[in-house]
Structures are given as structure tokens and as C-alpha cells.
$ cat model.txt   # compact mmCIF, C-alpha atoms and all ligand atoms
# COMPACT_ATOMS: atom_id res chain seq x y z
CA MET A 1 0.00 0.00 0.00
CA VAL A 2 1.33 3.42 -0.93
CA ARG A 3 1.25 5.81 2.00
CA ASP A 4 1.04 9.39 1.00
CA GLU A 5 0.48 11.10 4.30
CA THR A 6 1.62 14.47 3.07
CA THR A 7 -1.49 15.00 0.96
CA PRO A 8 -4.45 15.94 3.13
CA ARG A 9 -7.66 14.11 2.29
CA LEU A 10 -10.10 16.91 2.67
CA ILE A 11 -13.77 16.19 2.30
CA SER A 12 -14.68 19.86 2.34
CA PRO A 13 -12.74 22.04 -0.07
CA ARG A 14 -9.96 23.99 1.60
CA VAL A 15 -11.26 27.47 2.37
CA PRO A 16 -9.11 30.19 0.83
CA PHE A 17 -8.41 32.51 3.74
CA GLY A 18 -8.02 35.40 1.30
CA GLU A 19 -11.67 35.18 0.35
CA LEU A 20 -12.79 35.44 3.93
CA ASN A 21 -13.53 39.06 4.60
CA LEU A 22 -12.71 39.53 8.23
CA ASP A 23 -12.28 43.26 8.44
CA LYS A 24 -11.84 43.42 12.19
CA PRO A 25 -10.00 40.85 14.32
CA LEU A 26 -12.20 38.19 15.89
CA LYS A 27 -11.95 38.13 19.65
CA LEU A 28 -11.50 34.46 20.48
CA GLY A 29 -11.72 32.57 23.73
CA ILE A 30 -10.27 29.07 23.56
CA MET A 31 -11.24 26.25 25.93
CA ALA A 32 -8.84 23.31 26.28
CA SER A 33 -8.38 20.43 28.70
CA GLY A 34 -5.14 18.86 27.57
CA SER A 35 -2.18 19.31 25.29
CA GLY A 36 -3.47 22.38 23.48
CA SER A 37 -1.97 21.58 20.09
CA ASN A 38 -5.12 23.03 18.50
CA PHE A 39 -4.74 26.18 20.60
CA GLU A 40 -1.22 26.39 19.19
CA ALA A 41 -2.46 25.89 15.61
CA VAL A 42 -4.89 28.79 15.98
CA ALA A 43 -2.23 31.00 17.58
CA GLN A 44 0.18 30.14 14.74
CA ALA A 45 -2.43 30.84 12.03
CA ILE A 46 -2.98 34.27 13.60
CA ALA A 47 0.77 34.91 13.85
CA ASP A 48 1.19 33.87 10.21
CA GLY A 49 -1.46 36.38 9.13
CA GLN A 50 -3.83 33.65 7.93
CA LEU A 51 -6.55 34.33 10.47
CA ASN A 52 -7.53 37.86 11.47
CA ALA A 53 -8.15 37.21 15.14
CA GLN A 54 -6.83 37.65 18.63
CA ILE A 55 -6.92 35.05 21.39
CA GLN A 56 -8.26 37.00 24.35
CA VAL A 57 -8.05 34.17 26.86
CA LEU A 58 -7.50 30.44 27.31
CA ILE A 59 -9.86 28.63 29.68
CA TYR A 60 -8.50 25.34 31.00
CA ASN A 61 -9.90 22.91 33.53
CA ASN A 62 -6.95 20.68 34.41
CA PRO A 63 -4.27 22.40 36.49
CA ASP A 64 -1.50 20.49 34.67
CA ALA A 65 -2.85 21.01 31.14
CA LYS A 66 -0.01 21.70 28.72
CA ALA A 67 -2.37 24.14 27.00
CA ALA A 68 -1.80 26.57 29.89
CA TRP A 69 1.95 26.42 29.33
CA ARG A 70 1.43 27.08 25.62
CA ALA A 71 -0.77 30.09 26.43
CA GLN A 72 2.00 31.50 28.59
CA GLN A 73 4.48 31.06 25.72
CA TRP A 74 2.15 33.00 23.42
CA GLY A 75 1.45 35.71 26.01
CA VAL A 76 -2.23 34.75 26.22
CA PRO A 77 -3.96 35.09 29.62
CA ALA A 78 -5.01 31.70 30.97
CA VAL A 79 -7.84 31.15 33.44
CA LEU A 80 -8.18 27.89 35.35
CA CYS A 81 -11.78 26.77 35.83
CA ASN A 82 -11.21 23.49 37.60
CA HIS A 83 -14.40 21.42 37.29
CA ARG A 84 -13.55 19.60 40.54
CA GLU A 85 -14.19 22.82 42.44
CA TYR A 86 -17.77 23.31 41.25
CA GLY A 87 -20.96 21.67 42.48
CA SER A 88 -22.57 21.34 39.05
CA ARG A 89 -21.88 21.68 35.35
CA GLU A 90 -23.94 24.90 35.37
CA ASP A 91 -21.80 26.41 38.13
CA LEU A 92 -18.67 25.60 36.16
CA ASP A 93 -20.15 27.07 32.99
CA ARG A 94 -21.26 30.23 34.82
CA SER A 95 -17.69 30.77 35.92
CA ILE A 96 -16.43 30.15 32.37
CA VAL A 97 -18.95 32.63 30.90
CA GLU A 98 -17.86 35.22 33.45
CA ALA A 99 -14.19 34.76 32.49
CA LEU A 100 -14.94 34.84 28.75
CA GLN A 101 -17.04 37.99 29.08
CA ARG A 102 -14.46 39.64 31.32
CA HIS A 103 -11.94 39.12 28.49
CA GLN A 104 -14.40 40.50 25.91
CA VAL A 105 -14.61 37.26 23.97
CA GLU A 106 -16.95 37.16 20.95
CA TRP A 107 -16.29 33.65 19.65
CA VAL A 108 -15.61 30.57 21.75
CA VAL A 109 -13.51 27.68 20.43
CA MET A 110 -13.68 24.37 22.24
CA ALA A 111 -10.33 22.88 21.22
CA GLY A 112 -10.10 19.64 23.14
CA TRP A 113 -12.51 20.63 25.93
CA MET A 114 -13.32 17.34 27.60
CA ARG A 115 -16.39 18.45 29.56
CA VAL A 116 -20.04 18.45 28.56
CA VAL A 117 -21.22 22.05 28.28
CA THR A 118 -24.66 23.30 29.31
CA PRO A 119 -27.10 25.91 27.97
CA THR A 120 -25.58 28.28 30.57
CA LEU A 121 -22.56 28.56 28.28
CA ILE A 122 -24.27 27.94 24.95
CA ASP A 123 -26.95 30.60 25.48
CA ALA A 124 -24.33 33.20 26.42
CA PHE A 125 -22.72 32.91 22.96
CA PRO A 126 -25.56 31.99 20.59
CA ASP A 127 -24.25 30.36 17.38
CA LYS A 128 -20.76 31.50 18.33
CA ILE A 129 -19.28 28.38 19.92
CA ILE A 130 -17.16 26.07 17.78
CA ASN A 131 -16.02 22.55 18.64
CA ILE A 132 -13.46 20.25 17.06
CA HIS A 133 -14.02 16.51 17.31
CA PRO A 134 -11.70 13.73 16.12
CA SER A 135 -14.20 11.83 13.97
CA LEU A 136 -16.26 12.31 10.87
CA LEU A 137 -19.48 13.27 12.62
CA PRO A 138 -22.17 12.12 12.99
CA SER A 139 -20.14 8.92 13.43
CA PHE A 140 -18.39 8.26 16.73
CA LYS A 141 -19.68 10.99 19.00
CA GLY A 142 -18.50 11.36 22.57
CA VAL A 143 -15.38 10.09 24.25
CA ARG A 144 -12.87 7.67 22.71
CA ALA A 145 -13.83 8.72 19.19
CA VAL A 146 -10.59 7.46 17.63
CA GLU A 147 -10.84 4.12 19.45
CA GLN A 148 -14.47 3.83 18.36
CA ALA A 149 -13.42 4.32 14.73
CA LEU A 150 -10.70 1.66 15.02
CA GLU A 151 -13.08 -0.76 16.74
CA ALA A 152 -15.64 -0.24 13.96
CA GLY A 153 -13.00 -1.09 11.36
CA VAL A 154 -13.56 2.03 9.26
CA LYS A 155 -11.10 2.64 6.44
CA ILE A 156 -11.48 6.42 6.49
CA ALA A 157 -11.43 8.51 9.65
CA GLY A 158 -11.06 12.22 10.23
CA CYS A 159 -12.14 15.29 12.14
CA THR A 160 -15.08 17.68 12.20
CA VAL A 161 -15.41 21.31 13.18
CA HIS A 162 -18.97 22.28 13.99
CA LEU A 163 -21.10 24.83 15.80
CA VAL A 164 -22.12 23.68 19.27
CA LEU A 165 -25.65 22.73 20.27
CA PRO A 166 -26.65 21.37 23.69
CA GLU A 167 -26.51 17.74 22.55
CA VAL A 168 -22.90 16.48 22.61
CA ASP A 169 -21.06 16.57 19.26
CA THR A 170 -23.99 17.84 17.23
CA GLY A 171 -24.57 21.11 15.41
CA PRO A 172 -24.04 22.48 11.92
CA ILE A 173 -20.83 21.17 10.37
CA LEU A 174 -18.37 23.82 9.22
CA LEU A 175 -15.50 21.72 7.86
CA GLN A 176 -14.34 18.13 7.83
CA ALA A 177 -11.07 16.49 6.86
CA ALA A 178 -10.58 12.79 6.20
CA VAL A 179 -7.53 10.56 6.58
CA PRO A 180 -6.91 6.92 5.64
CA VAL A 181 -6.87 4.24 8.33
CA PHE A 182 -4.03 1.75 7.88
CA PRO A 183 -4.22 -1.89 9.00
CA ASP A 184 -1.48 -1.49 11.58
CA ASP A 185 -2.78 1.77 13.02
CA THR A 186 -2.94 2.19 16.77
CA HIS A 187 -5.03 4.77 18.53
CA GLN A 188 -1.91 6.95 18.75
CA THR A 189 -0.87 6.72 15.08
CA LEU A 190 -4.39 7.36 13.83
CA HIS A 191 -5.01 10.21 16.26
CA SER A 192 -1.74 11.82 15.27
CA ARG A 193 -2.72 11.64 11.56
CA ILE A 194 -6.12 13.15 12.39
CA GLN A 195 -4.54 15.92 14.47
CA THR A 196 -2.37 17.04 11.57
CA GLN A 197 -5.61 17.74 9.73
CA GLU A 198 -7.27 19.32 12.78
CA HIS A 199 -4.53 21.92 12.89
CA LEU A 200 -5.24 22.86 9.27
CA VAL A 201 -9.02 22.96 9.36
CA LEU A 202 -9.67 24.58 12.74
CA PRO A 203 -8.37 28.08 11.86
CA GLN A 204 -10.18 27.89 8.52
CA ALA A 205 -13.42 26.84 10.16
CA ILE A 206 -13.21 29.74 12.61
CA ALA A 207 -12.87 32.18 9.72
CA LEU A 208 -15.70 30.48 7.87
CA ALA A 209 -18.03 30.58 10.86
CA ALA A 210 -17.29 34.23 11.45
CA GLN A 211 -18.01 35.05 7.84
CA VAL A 212 -21.40 33.39 7.81
CA ASN A 213 -22.40 34.69 11.25
CA SER A 214 -20.86 38.09 11.75
C1 LIG B 1 -8.32 16.79 19.59
O1 LIG B 1 -8.10 15.58 18.91
C2 LIG B 1 -9.74 17.22 19.51
O2 LIG B 1 -10.38 16.83 18.33
C3 LIG B 1 -10.35 16.51 20.67
O3 LIG B 1 -9.38 16.56 21.68
C4 LIG B 1 -8.09 16.63 21.08
C5 LIG B 1 -7.38 17.82 21.68
O4 LIG B 1 -6.04 17.88 21.29
N1 LIG B 1 -11.61 17.11 21.03
P1 LIG B 1 -5.12 19.11 21.69
O5 LIG B 1 -5.28 19.33 23.19
O6 LIG B 1 -5.57 20.31 20.91
O7 LIG B 1 -3.73 18.71 21.35

$ encode --input "model.txt" --output "C-alpha cells" --more "lines below"
Ligand code: GRF
Amino acid sequence: MVRDETTPRLISPRVPFGELNLDKPLKLGIMASGSGSNFEAVAQAIADGQLNAQIQVLIYNNPDAKAAWRAQQWGVPAVLCNHREYGSREDLDRSIVEALQRHQVEWVVMAGWMRVVTPTLIDAFPDKIINIHPSLLPSFKGVRAVEQALEAGVKIAGCTVHLVLPEVDTGPILLQAAVPVFPDDTHQTLHSRIQTQEHLVLPQAIALAAQVNS
């Protein structure tokens, strides 16, 4: 089998950034629970002049999330909203909304946010919350999406960027990218191939969402 992993398999056409008319910088708030490689991809797209935006704040929920370290490197304020310290999902989301509003965020990007969000958050930013999920939705919603794809034996996997609705991993799809699944793939090798595509499509999807809902 020939492995050409350098050529992205995009289901949606690549969005030409140049055609996206963002006349004023989008004020982004990013929510991340873990490594934050998608946070980094957005920060890099902004630094490269591909995405007219500014990351106002990173919200993270795990005190040892590498995303917080990345935010520091990029000079982005980071606010810890540790879910263990709240009595309910709504209480956590109220605190997140307060932090996002305090930092004048207009668009929220859930980039590896591993908590279920409630209408408390969703209603505060109507049609302005974006999520990235490591599967070709509507297949393999929820946790362990990459493992679910491997267990199902699919030959094509990928990622989806979509607007957030209250039901987990639903909402209008903005962009998707597909990658091949190889017979000897592990969860790690497949996830890594998917993440390469995530880093390309997430900044494009943010620009696309802002263009259709400005
Ligand atoms: C990504 O694969 C994303 O799709 C999923 O969580 C992962 C986060 O990765 N929701 P990172 O923290 O951005 O590196």
C-alpha cells in the first residue's frame, strides 16, 4: 500500500483565507483540557497572518494542562476553571462565561474541551461556539472517538469542526477532513494523523463561521 500522508484528504474544499472578509480581528476565547496543540495551531495561524483574530483568553480545567503552558508562551492570559471545584456543570459554565465575558470574547472555540457544556454557556454565545471533534461526525460521537473508529474497522477517519448545540457533538458542520486508516494503526498513530488535519481545518473553520455569522 502506498502511504502518502503528506497529501491531506479533505472532504470539504480547503477554504481560501483570502476570500474570507474579516475586516476586524475576531476576539477568540479558547477552551482546552489537555495538550493544546489546537490552541497552538490557531495562535500560529494568527501569527502567520492567515486568520484575522486575537486570542483573548484560554480557559483550561486541568491544572497540569499543557495548554496553559502554551498560552503562557504566546502571552495569552489563561484562566483555570477546575471542574472539581464546582458543584454542578452549570456552576462551572457560569464561571467560564464570566471569564470569557471579562476578556471581551466574541467567539468561543472548544479545542479539546473534555467536559459536557450546558445551555448556561451555549446561550451566552448563541451560534458563536465552535467545537473540534476527532471523527467524521455524525459517526463516533462522545469520548474515545478514535478508538471507536478503530473498533468499527472504518477505512477512512477524520475530524469535524462544527457549531455547538446542547446535545454532545452535534450542530451544523463547518468543515471536515478525512484521513486513511491503515491496518497497523494504533489509537496513537491514527489520532496523530487526524490531528495534523485538525490543525489545518480549525483556523479555517473559525474564519468560515465568522463570515457566515458576523
Ligand atoms: C483533539 O483531537 C480534539 O479533536 C479533541 O481533543 C483533542 C485535543 O487535542 N476534542 P489538543 O489538546 O488540541 O492537542

$ residues_near_ligand --input "model.txt" --ligand "ligand LIG 1 (chain B)" --cutoff "6 Å" --atoms "all atoms listed in the file" --output "list in words"
Gly34, Ser35, Gly36, Ser37, Asn38, Phe39, Ala111, Gly112, Ile132, His133, Pro134 and Gln195 of chain A

$ residues_around --input "model.txt" --residues "Met110 of chain A" --least-positions-apart "6" --cutoff "10 Å" --atoms "only C-alpha atoms" --output "PDB file with C-alpha atoms, in the frame of the given file"
ATOM      1  CA  GLY A  29     -11.720  32.570  23.730  1.00  0.00           C
ATOM      2  CA  ILE A  30     -10.270  29.070  23.560  1.00  0.00           C
ATOM      3  CA  MET A  31     -11.240  26.250  25.930  1.00  0.00           C
ATOM      4  CA  ALA A  32      -8.840  23.310  26.280  1.00  0.00           C
ATOM      5  CA  SER A  33      -8.380  20.430  28.700  1.00  0.00           C
ATOM      6  CA  ASN A  38      -5.120  23.030  18.500  1.00  0.00           C
ATOM      7  CA  PHE A  39      -4.740  26.180  20.600  1.00  0.00           C
ATOM      8  CA  ILE A  59      -9.860  28.630  29.680  1.00  0.00           C
ATOM      9  CA  VAL A 117     -21.220  22.050  28.280  1.00  0.00           C
ATOM     10  CA  ILE A 129     -19.280  28.380  19.920  1.00  0.00           C
ATOM     11  CA  ILE A 130     -17.160  26.070  17.780  1.00  0.00           C
ATOM     12  CA  ASN A 131     -16.020  22.550  18.640  1.00  0.00           C
ATOM     13  CA  ILE A 132     -13.460  20.250  17.060  1.00  0.00           C
ATOM     14  CA  HIS A 133     -14.020  16.510  17.310  1.00  0.00           C
ATOM     15  CA  VAL A 161     -15.410  21.310  13.180  1.00  0.00           C
ATOM     16  CA  LEU A 163     -21.100  24.830  15.800  1.00  0.00           C
ATOM     17  CA  VAL A 164     -22.120  23.680  19.270  1.00  0.00           C
TER      18      VAL A 164
END

$ atom_distance --input "model.txt" --atom1 "atom CA of Leu51 of chain A" --atom2 "atom CA of His191 of chain A"
24.9 Å

$ closest_residue --input "model.txt" --among "A:Ala45, A:Val168, A:Pro203, A:Asn61" --to "Tyr86 of chain A" --atoms "all atoms listed in the file"
A:Asn61

$ atom_distance --input "model.txt" --atom1 "atom CA of Ala47 of chain A" --atom2 "atom CA of Ser95 of chain A"
29.1 Å

$ closest_residue --input "model.txt" --among "A:Asp123, A:Glu106, A:Asp185, A:Asp169" --to "Glu151 of chain A" --atoms "only C-alpha atoms"
A:Asp185

$ closest_residue --input "model.txt" --among "A:Gln204, A:Val154, A:Leu136, A:Glu167" --to "Ile46 of chain A" --atoms "only C-alpha atoms"
A:Gln204

$ closest_residue --input "model.txt" --among "A:Ala178, A:Ala68, A:Val212, A:Ile96" --to "Leu200 of chain A" --atoms "only C-alpha atoms"
A:Ala178

$ closest_residue --input "model.txt" --among "A:Gln73, A:Asp91, A:Pro25, A:Ala145" --to "Gly49 of chain A" --atoms "all atoms listed in the file"
A:Pro25

$ closest_residue --input "model.txt" --among "A:Leu137, A:Ser192, A:Phe125, A:Val181" --to "Asn213 of chain A" --atoms "all atoms listed in the file"
A:Phe125

$ atom_distance --input "model.txt" --atom1 "atom CA of Glu90 of chain A" --atom2 "atom CA of Leu28 of chain A"
21.6 Å

$ residues_near_point --input "model.txt" --point "(-0.4, 32.4, 19.7)" --cutoff "10 Å" --atoms "all atoms listed in the file" --output "number ranges by chain"
A: 39-48, 54-55, 70-76

$ build_atoms --input "model.txt" --residues "segment 63-74 of chain A" --atoms "all heavy atoms" --output "tab-separated table (two decimals), in the frame of the given file"
chain	number	residue	atom	x	y	z
A	63	PRO	N	-5.38	21.54	36.08
A	63	PRO	CA	-4.27	22.40	36.49
A	63	PRO	C	-2.96	22.09	35.76
A	63	PRO	O	-2.16	22.99	35.54
A	63	PRO	CB	-4.12	22.09	37.99
A	63	PRO	CG	-5.47	21.58	38.41
A	63	PRO	CD	-6.07	20.92	37.21
A	64	ASP	N	-2.76	20.84	35.34
A	64	ASP	CA	-1.50	20.49	34.67
A	64	ASP	C	-1.62	20.43	33.15
A	64	ASP	O	-0.77	19.85	32.47
A	64	ASP	CB	-0.94	19.17	35.23
A	64	ASP	CG	-1.97	18.06	35.18
A	64	ASP	OD1	-3.11	18.35	34.74
A	64	ASP	OD2	-1.64	16.91	35.54
A	65	ALA	N	-2.67	21.04	32.60
A	65	ALA	CA	-2.85	21.01	31.14
A	65	ALA	C	-1.69	21.74	30.44
A	65	ALA	O	-1.36	22.88	30.79
A	65	ALA	CB	-4.18	21.66	30.75
A	66	LYS	N	-1.11	21.07	29.46
A	66	LYS	CA	-0.01	21.70	28.72
A	66	LYS	C	-0.50	22.94	27.96
A	66	LYS	O	0.27	23.83	27.63
A	66	LYS	CB	0.61	20.69	27.75
A	66	LYS	CG	1.91	21.16	27.14
A	66	LYS	CD	2.54	20.11	26.25
A	66	LYS	CE	3.74	20.70	25.51
A	66	LYS	NZ	4.19	19.86	24.41
A	67	ALA	N	-1.79	22.97	27.69
A	67	ALA	CA	-2.37	24.14	27.00
A	67	ALA	C	-2.05	25.42	27.76
A	67	ALA	O	-1.80	26.47	27.14
A	67	ALA	CB	-3.87	23.96	26.85
A	68	ALA	N	-2.06	25.36	29.09
A	68	ALA	CA	-1.80	26.57	29.89
A	68	ALA	C	-0.36	27.04	29.68
A	68	ALA	O	-0.08	28.24	29.59
A	68	ALA	CB	-2.06	26.28	31.36
A	69	TRP	N	0.55	26.08	29.60
A	69	TRP	CA	1.95	26.42	29.33
A	69	TRP	C	2.09	27.07	27.96
A	69	TRP	O	2.78	28.07	27.78
A	69	TRP	CB	2.81	25.15	29.42
A	69	TRP	CG	4.24	25.36	29.07
A	69	TRP	CD1	5.22	25.85	29.87
A	69	TRP	CD2	4.84	25.14	27.78
A	69	TRP	NE1	6.41	25.93	29.17
A	69	TRP	CE2	6.19	25.50	27.89
A	69	TRP	CE3	4.36	24.66	26.56
A	69	TRP	CZ2	7.07	25.39	26.83
A	69	TRP	CZ3	5.24	24.56	25.49
A	69	TRP	CH2	6.58	24.92	25.63
A	70	ARG	N	1.38	26.51	26.97
A	70	ARG	CA	1.43	27.08	25.62
A	70	ARG	C	0.90	28.51	25.64
A	70	ARG	O	1.44	29.39	24.96
A	70	ARG	CB	0.62	26.24	24.64
A	70	ARG	CG	1.17	24.85	24.38
A	70	ARG	CD	0.42	24.26	23.21
A	70	ARG	NE	0.40	22.83	23.17
A	70	ARG	CZ	1.11	22.07	22.33
A	70	ARG	NH1	1.96	22.64	21.50
A	70	ARG	NH2	0.98	20.76	22.33
A	71	ALA	N	-0.19	28.74	26.37
A	71	ALA	CA	-0.77	30.09	26.43
A	71	ALA	C	0.27	31.06	26.97
A	71	ALA	O	0.43	32.18	26.45
A	71	ALA	CB	-2.02	30.08	27.30
A	72	GLN	N	0.97	30.63	28.00
A	72	GLN	CA	2.00	31.50	28.59
A	72	GLN	C	3.06	31.85	27.54
A	72	GLN	O	3.49	32.99	27.43
A	72	GLN	CB	2.63	30.78	29.77
A	72	GLN	CG	3.42	31.67	30.67
A	72	GLN	CD	4.05	30.90	31.81
A	72	GLN	OE1	4.29	29.68	31.70
A	72	GLN	NE2	4.34	31.57	32.88
A	73	GLN	N	3.47	30.83	26.76
A	73	GLN	CA	4.48	31.06	25.72
A	73	GLN	C	4.01	32.09	24.69
A	73	GLN	O	4.80	32.85	24.16
A	73	GLN	CB	4.81	29.76	24.97
A	73	GLN	CG	5.35	28.63	25.85
A	73	GLN	CD	6.65	29.01	26.52
A	73	GLN	OE1	7.62	29.37	25.85
A	73	GLN	NE2	6.68	28.97	27.84
A	74	TRP	N	2.70	32.09	24.42
A	74	TRP	CA	2.15	33.00	23.42
A	74	TRP	C	1.69	34.32	24.04
A	74	TRP	O	1.14	35.18	23.34
A	74	TRP	CB	0.97	32.34	22.69
A	74	TRP	CG	1.39	31.34	21.67
A	74	TRP	CD1	1.57	30.00	21.85
A	74	TRP	CD2	1.71	31.59	20.28
A	74	TRP	NE1	1.98	29.40	20.68
A	74	TRP	CE2	2.07	30.36	19.70
A	74	TRP	CE3	1.72	32.73	19.48
A	74	TRP	CZ2	2.43	30.23	18.37
A	74	TRP	CZ3	2.09	32.62	18.14
A	74	TRP	CH2	2.45	31.38	17.60
